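Since the structure comes first, as structure tokens, the remarks are kept for the end.
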Amino acid sequence: MSAAATWFAFGADDVLPDQTPVAPRLTASRSAAATGPPSEAELIDGCLRGRQLAQKLLYDKYAGKMMAVCLRYAQTTFEAEDVLQEGFITVFRTLASFRRECPLEFWIRRIMINAALRQHRRNASLVAVSDGEYPQSLASEEFTLSNYNFQELLEMVQELAPRYRMVFNLYAIEGYNHKEIGELLGITEGTSKSQYSRARVILQTKLERLGTPTRHVS
């Protein structure tokens, strides 16, 4: 199923095929004279009422950002699309449990990460990737990815062995500590630290092989 069509399966029809969807149908409280995009609260309320238009608008609002998250955890775009679809199915099935104590985007992002972790567990035993020929440690103590081309970095992260890719994303991007990562992945804290260090070595080596100037990378 394509990303653009994913939202279609989430709820009952809210508008007839020959009708033009209008924002006031999202919630009973929205004024017919209201203009502009619906608020986050209105989108949530509309989804909880089973409004397909609200579901589509919510999907359209967050799908691009969430696809970027999924791509970092997946090895291919196809795999990322599977994670995205699974994640949004969970979003709409569990939206009633969202307590609105944090931004909706933050809550959805956590769901996408959990979907990526589930896929990692399903595929972990099927994937065997060599570390390749890389040094065992970094020449410099730290290095940063913030100044590099996003697409190049994304491709390099996707090329990491799954165990390194998951730890690197969770620690360097999402901000989990190694104890938390160990609990999420079923590994020890020490193993998480070791795999993160190894991922950094591989990424820095790839950057140096591209002739990219070395910077301090974290």
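If you're wondering about the labels, chains in the structure tokens are A, B, ... by order shown, residues count from 1 in each chain, ligands from 1 in order shown.
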
For this session: Quick one: everything within 6 Å of range 149-165 of chain A, counting only C-alpha atoms, minus sequence neighbours fewer than 3 positions away in the same chain. Send it as a count of residues only.
Result: 5

Problem set entry | Residue contacts of range 104-115 of chain A (7 Å, only C-alpha atoms) excluding same-chain residues fewer than 4 positions away, as a list in words | Met66, Cys70, Val83, Leu84, Glu86, Gly87, Val91 and Gln119 of chain A

Go ahead and write the selection's residues with C-alpha atoms as a compact mmCIF listing (two decimals), in the first residue's frame.
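Just written: part-v7.txt:
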# COMPACT_ATOMS: atom_id res chain seq x y z
CA MET A 66 7.43 10.36 10.46
CA CYS A 70 11.30 5.55 9.73
CA VAL A 83 7.06 0.82 9.47
CA LEU A 84 5.17 4.02 8.68
CA GLU A 86 2.21 -0.06 10.93
CA GLY A 87 2.87 3.02 13.04
CA VAL A 91 -1.82 5.72 16.09
CA GLN A 119 10.35 -4.76 12.85

Exercise. Any idea what's packed within 12 Å of Gly64 in chain A, counting only C-alpha atoms, ignoring anything in its chain fewer than 4 positions away? Could you give it as a list in words?
Worked result: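 Contacts, in chain order: Ala3, Ala4, Leu58, Tyr59, Asp60, Ala68, Val69, Cys70, Leu71, Ala80, Glu81, Leu84, Glu105 and Arg109 of chain A.
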
Output C-alpha atoms of each residue in that selection to a file, as a PDB file, in the first residue's frame.
ATOM      1  CA  ALA A   3       1.952   5.995   1.787  1.00  0.00           C
ATOM      2  CA  ALA A   4      -0.632   8.266   0.200  1.00  0.00           C
ATOM      3  CA  LEU A  58      -3.805  14.140  10.630  1.00  0.00           C
ATOM      4  CA  TYR A  59      -1.947  11.659   8.427  1.00  0.00           C
ATOM      5  CA  ASP A  60      -1.058  14.331   5.871  1.00  0.00           C
ATOM      6  CA  ALA A  68      12.016  10.698   7.875  1.00  0.00           C
ATOM      7  CA  VAL A  69      12.118   8.944  11.259  1.00  0.00           C
ATOM      8  CA  CYS A  70      11.299   5.554   9.725  1.00  0.00           C
ATOM      9  CA  LEU A  71      13.958   5.929   7.029  1.00  0.00           C
ATOM     10  CA  ALA A  80      10.430   2.356   6.026  1.00  0.00           C
ATOM     11  CA  GLU A  81       7.004   2.518   4.355  1.00  0.00           C
ATOM     12  CA  LEU A  84       5.171   4.022   8.678  1.00  0.00           C
ATOM     13  CA  GLU A 105       3.852  14.794  17.187  1.00  0.00           C
ATOM     14  CA  ARG A 109       7.116   9.736  16.951  1.00  0.00           C
TER      15      ARG A 109
END

For this session: State, in Å with one decimal place, the distance from CA of Arg121 in chain A to CA of Leu185 in chain A.
Result: 8.1 Å

Exercise. What is the distance between CA of Thr94 in chain A and CA of Asp45 in chain A, in Å to one decimal?
Worked result: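 It comes out at 13.1 Å.
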